[in-house]
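Data file: query-v7.pdb. Format and content: PDB, C-alpha atoms, pLDDT in the B column.
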ATOM      1  CA  MET A 596      16.136  30.848  75.590  1.00 47.00           C
ATOM      2  CA  THR A 597      16.656  34.604  75.194  1.00 47.00           C
ATOM      3  CA  LEU A 598      14.285  36.716  73.140  1.00 49.00           C
ATOM      4  CA  CYS A 599      15.483  39.863  71.405  1.00 49.00           C
ATOM      5  CA  ALA A 600      13.349  42.879  72.205  1.00 47.00           C
ATOM      6  CA  PRO A 601      12.865  45.715  69.702  1.00 49.00           C
ATOM      7  CA  TRP A 602      15.043  48.799  70.159  1.00 47.00           C
ATOM      8  CA  ASN A 603      13.530  50.905  72.938  1.00 47.00           C
ATOM      9  CA  THR A 604      13.809  54.683  73.435  1.00 47.00           C
ATOM     10  CA  ASN A 605      14.105  56.473  76.762  1.00 48.00           C
ATOM     11  CA  TRP A 606      10.403  57.304  76.613  1.00 50.00           C
ATOM     12  CA  GLY A 607       9.334  53.685  76.638  1.00 54.00           C
ATOM     13  CA  LYS A 608       8.107  53.722  73.046  1.00 53.00           C
ATOM     14  CA  VAL A 609       9.242  51.077  70.623  1.00 56.00           C
ATOM     15  CA  MET A 610      11.040  52.506  67.599  1.00 49.00           C
ATOM     16  CA  THR A 611      11.433  50.394  64.491  1.00 57.00           C
ATOM     17  CA  MET A 612      14.726  50.366  62.612  1.00 49.00           C
ATOM     18  CA  SER A 613      13.079  52.310  59.775  1.00 56.00           C
ATOM     19  CA  ALA A 614      12.038  55.090  62.167  1.00 51.00           C
ATOM     20  CA  PHE A 615      15.504  55.030  63.717  1.00 46.00           C
ATOM     21  CA  ARG A 616      17.121  55.488  60.288  1.00 51.00           C
ATOM     22  CA  LYS A 617      14.777  58.396  59.483  1.00 52.00           C
ATOM     23  CA  THR A 618      15.619  60.067  62.793  1.00 50.00           C
ATOM     24  CA  LYS A 619      19.343  59.565  62.189  1.00 50.00           C
ATOM     25  CA  LEU A 620      19.066  60.907  58.618  1.00 43.00           C
ATOM     26  CA  THR A 621      17.138  63.975  59.825  1.00 50.00           C
ATOM     27  CA  SER A 622      19.795  64.645  62.473  1.00 48.00           C
ATOM     28  CA  LEU A 623      22.575  64.359  59.898  1.00 43.00           C
ATOM     29  CA  LEU A 624      20.790  66.720  57.505  1.00 43.00           C
ATOM     30  CA  LEU A 625      20.271  69.316  60.237  1.00 42.00           C
ATOM     31  CA  ALA A 626      23.913  69.064  61.269  1.00 45.00           C
ATOM     32  CA  SER A 627      25.112  69.502  57.681  1.00 43.00           C
ATOM     33  CA  ILE A 628      22.904  72.576  57.216  1.00 44.00           C
ATOM     34  CA  LEU A 629      24.311  74.130  60.386  1.00 41.00           C
ATOM     35  CA  LEU A 630      27.882  73.364  59.344  1.00 44.00           C
ATOM     36  CA  ALA A 631      27.324  74.701  55.825  1.00 39.00           C
ATOM     37  CA  THR A 632      25.996  78.041  57.054  1.00 36.00           C
ATOM     38  CA  PRO A 633      28.738  80.606  56.433  1.00 40.00           C
ATOM     39  CA  VAL A 634      30.216  82.279  59.473  1.00 45.00           C
ATOM     40  CA  ALA A 635      30.485  86.050  59.380  1.00 46.00           C
ATOM     41  CA  ALA A 636      33.934  86.963  58.121  1.00 55.00           C
ATOM     42  CA  SER A 637      36.275  89.091  60.157  1.00 65.00           C
ATOM     43  CA  THR A 638      36.527  92.745  59.147  1.00 85.00           C
ATOM     44  CA  THR A 639      39.341  93.567  61.586  1.00 91.00           C
ATOM     45  CA  PHE A 640      41.955  93.537  58.819  1.00 95.00           C
ATOM     46  CA  ASP A 641      39.854  95.048  56.040  1.00 95.00           C
ATOM     47  CA  GLY A 642      41.569  97.712  53.965  1.00 95.00           C
ATOM     48  CA  GLN A 643      44.497  98.236  51.634  1.00 96.00           C
ATOM     49  CA  TRP A 644      47.835  96.551  52.322  1.00 96.00           C
ATOM     50  CA  SER A 645      51.267  96.896  50.747  1.00 96.00           C
ATOM     51  CA  VAL A 646      53.201  93.615  50.740  1.00 96.00           C
ATOM     52  CA  GLN A 647      56.994  93.472  50.286  1.00 96.00           C
ATOM     53  CA  ILE A 648      58.407  90.174  49.037  1.00 94.00           C
ATOM     54  CA  ALA A 649      61.930  88.987  49.885  1.00 95.00           C
ATOM     55  CA  SER A 650      64.010  85.940  48.992  1.00 94.00           C
ATOM     56  CA  SER A 651      67.548  84.941  49.926  1.00 88.00           C
ATOM     57  CA  ASN A 652      67.927  83.170  46.568  1.00 89.00           C
ATOM     58  CA  SER A 653      69.480  85.601  44.071  1.00 86.00           C
ATOM     59  CA  THR A 654      67.711  83.977  41.106  1.00 85.00           C
ATOM     60  CA  CYS A 655      64.288  84.677  42.624  1.00 86.00           C
ATOM     61  CA  THR A 656      62.308  87.898  42.768  1.00 78.00           C
ATOM     62  CA  ASN A 657      63.518  90.026  45.646  1.00 84.00           C
ATOM     63  CA  GLY A 658      62.194  93.386  46.779  1.00 87.00           C
ATOM     64  CA  ALA A 659      58.966  93.272  44.793  1.00 90.00           C
ATOM     65  CA  SER A 660      55.937  95.031  46.230  1.00 92.00           C
ATOM     66  CA  VAL A 661      52.323  93.975  45.732  1.00 92.00           C
ATOM     67  CA  SER A 662      49.209  95.899  46.705  1.00 94.00           C
ATOM     68  CA  ILE A 663      46.305  93.825  48.012  1.00 95.00           C
ATOM     69  CA  GLY A 664      42.921  94.591  49.486  1.00 95.00           C
ATOM     70  CA  ILE A 665      41.039  92.755  52.212  1.00 96.00           C
ATOM     71  CA  SER A 666      37.252  92.965  52.426  1.00 95.00           C
ATOM     72  CA  ASN A 667      35.195  90.890  54.874  1.00 94.00           C
ATOM     73  CA  GLY A 668      38.242  88.706  55.465  1.00 95.00           C
ATOM     74  CA  GLN A 669      38.682  87.923  51.747  1.00 96.00           C
ATOM     75  CA  VAL A 670      41.916  88.832  49.960  1.00 97.00           C
ATOM     76  CA  ALA A 671      41.895  90.352  46.469  1.00 94.00           C
ATOM     77  CA  SER A 672      44.498  92.122  44.337  1.00 89.00           C
ATOM     78  CA  ASN A 673      44.432  95.804  43.523  1.00 71.00           C
ATOM     79  CA  THR A 674      46.339  95.496  40.246  1.00 83.00           C
ATOM     80  CA  ALA A 675      45.566  93.923  36.895  1.00 84.00           C
ATOM     81  CA  SER A 676      49.029  92.287  36.676  1.00 89.00           C
ATOM     82  CA  VAL A 677      48.730  90.247  39.893  1.00 90.00           C
ATOM     83  CA  SER A 678      45.773  88.129  40.919  1.00 93.00           C
ATOM     84  CA  ALA A 679      45.396  87.540  44.649  1.00 95.00           C
ATOM     85  CA  SER A 680      42.998  85.330  46.536  1.00 96.00           C
ATOM     86  CA  GLY A 681      42.879  84.110  50.089  1.00 97.00           C
ATOM     87  CA  ARG A 682      41.397  84.536  53.514  1.00 96.00           C
ATOM     88  CA  VAL A 683      42.161  86.203  56.834  1.00 96.00           C
ATOM     89  CA  ALA A 684      40.828  84.592  60.020  1.00 94.00           C
ATOM     90  CA  ASP A 685      39.690  86.537  63.085  1.00 88.00           C
ATOM     91  CA  ALA A 686      43.053  86.009  64.809  1.00 93.00           C
ATOM     92  CA  GLY A 687      44.918  87.462  61.808  1.00 95.00           C
ATOM     93  CA  ILE A 688      46.090  84.171  60.321  1.00 97.00           C
ATOM     94  CA  ILE A 689      46.296  84.755  56.578  1.00 97.00           C
ATOM     95  CA  SER A 690      46.626  82.378  53.651  1.00 97.00           C
ATOM     96  CA  VAL A 691      47.003  83.824  50.188  1.00 97.00           C
ATOM     97  CA  THR A 692      47.766  82.794  46.618  1.00 97.00           C
ATOM     98  CA  LEU A 693      49.327  85.268  44.194  1.00 94.00           C
ATOM     99  CA  SER A 694      49.522  84.587  40.482  1.00 94.00           C
ATOM    100  CA  SER A 695      50.778  86.480  37.485  1.00 91.00           C
ATOM    101  CA  GLY A 696      50.551  84.731  34.139  1.00 91.00           C
ATOM    102  CA  ILE A 697      51.819  81.189  34.673  1.00 93.00           C
ATOM    103  CA  LYS A 698      53.720  82.078  37.861  1.00 92.00           C
ATOM    104  CA  ARG A 699      52.098  81.235  41.183  1.00 95.00           C
ATOM    105  CA  ALA A 700      53.120  81.659  44.818  1.00 95.00           C
ATOM    106  CA  VAL A 701      51.409  80.583  48.023  1.00 97.00           C
ATOM    107  CA  GLY A 702      51.925  82.464  51.267  1.00 97.00           C
ATOM    108  CA  SER A 703      50.854  82.274  54.864  1.00 98.00           C
ATOM    109  CA  GLY A 704      51.467  84.252  57.999  1.00 98.00           C
ATOM    110  CA  ARG A 705      49.844  86.597  60.464  1.00 97.00           C
ATOM    111  CA  LEU A 706      48.504  90.131  60.384  1.00 97.00           C
ATOM    112  CA  ASN A 707      48.546  92.123  63.598  1.00 95.00           C
ATOM    113  CA  GLY A 708      46.995  95.590  63.700  1.00 90.00           C
ATOM    114  CA  SER A 709      48.600  97.516  60.848  1.00 95.00           C
ATOM    115  CA  SER A 710      51.438  95.145  59.926  1.00 97.00           C
ATOM    116  CA  GLY A 711      52.108  91.515  59.228  1.00 98.00           C
ATOM    117  CA  SER A 712      54.676  88.959  58.144  1.00 98.00           C
ATOM    118  CA  GLY A 713      55.007  85.406  56.937  1.00 98.00           C
ATOM    119  CA  THR A 714      56.538  83.060  54.420  1.00 98.00           C
ATOM    120  CA  TRP A 715      55.862  82.240  50.790  1.00 96.00           C
ATOM    121  CA  ARG A 716      56.834  79.529  48.332  1.00 96.00           C
ATOM    122  CA  ALA A 717      56.670  79.015  44.602  1.00 95.00           C
ATOM    123  CA  ALA A 718      57.850  76.303  42.212  1.00 92.00           C
ATOM    124  CA  LEU A 719      61.579  77.053  42.500  1.00 91.00           C
ATOM    125  CA  CYS A 720      61.703  79.872  45.042  1.00 93.00           C
ATOM    126  CA  SER A 721      60.700  80.701  48.576  1.00 95.00           C
ATOM    127  CA  GLY A 722      61.131  83.534  51.008  1.00 96.00           C
ATOM    128  CA  THR A 723      59.460  85.878  53.437  1.00 97.00           C
ATOM    129  CA  TRP A 724      56.985  88.726  53.194  1.00 97.00           C
ATOM    130  CA  THR A 725      56.102  91.734  55.295  1.00 98.00           C
ATOM    131  CA  ALA A 726      52.989  93.863  55.014  1.00 97.00           C
ATOM    132  CA  GLN A 727      51.888  97.337  56.082  1.00 98.00           C
ATOM    133  CA  ARG A 728      48.361  98.677  56.090  1.00 96.00           C
ATOM    134  CA  THR A 729      48.234 101.731  53.810  1.00 94.00           C
TER
END
Represent the supplied structure as structure tokens.
Amino acid sequence: MTLCAPWNTNWGKVMTMSAFRKTKLTSLLLASILLATPVAASTTFDGQWSVQIASSNSTCTNGASVSIGISNGQVASNTASVSASGRVADAGIISVTLSSGIKRAVGSGRLNGSSGSGTWRAALCSGTWTAQRT
């Protein structure tokens, strides 16, 4: 006949299942607090940027220019007609959403020093973008 012993810790103390659950819950709470703490945003790419939009589709906007600002790694627009939001990571990877009225486009790419490039897409159009720090 085999008897089941209570769960035993490395210190030789017997821990009940209730105490084990409390310890596990405390560990999970601490981990979630650490993960939820915001990381300092990159300021490497902070400043004003001029973005040129291109598309090979003749029915889509081509040659438009949009001015955006980056502050603490967060993207914002500098004009009332275009709303911009997004984020720039430390390595320069950028993701951005531009909207004007009911039109919306999503872009991604990379900034490097004082320039950058990437791709964008909208409901019926897509293309490329380039950016210069102003």
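Between CA of Ile665 in chain A and CA of Leu719 in chain A the interatomic distance comes to 27.6 Å.
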For the atom pair CA of Gly713 in chain A and CA of Ser690 in chain A, what is the interatomic distance in Å to one decimal place?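 Pair CA of Gly713 in chain A / CA of Ser690 in chain A returns 9.5 Å.
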If you apply the PyMOL selection byres ((chain A and resi 693-698) around 7) to this file, what residues do you get, as a list in words? Ser676, Val677, Ser678, Ala679, Ser680, Val691, Thr692, Arg699, Ala700 and Val701 of chain A
I'd like to know which of A:Gln669, A:Thr674, A:Thr654, A:Thr725 is closest to Asn707 in chain A, using all atoms listed in the file. A:Thr725
Suppose a student applies the PyMOL selection byres ((chain A and resi 642) around 12) to this structure; what residues should they get, written as a VMD selection string? chain A and resid 637 to 641 643 to 645 662 to 673 683 708 to 710 727 to 729
Could you check how far CA of Gly658 in chain A sits from CA of Trp724 in chain A, in Å to one decimal? 9.5 Å
What does the PyMOL selection byres ((chain A and resi 656) around 12) select in this file, as a ChimeraX atom specification? /A:647-655,657-660,698,700,715-717,719-724
Report, as lines of an AutoDock Vina configuration file, the axis-aligned box around all atoms of range 719-728 of chain A present in the file, extended by 4 Å on each side; give centre and edge lengths in Å to one decimal place.
center_x = 55.0
center_y = 87.9
center_z = 49.3
size_x = 21.3
size_y = 29.6
size_z = 21.6
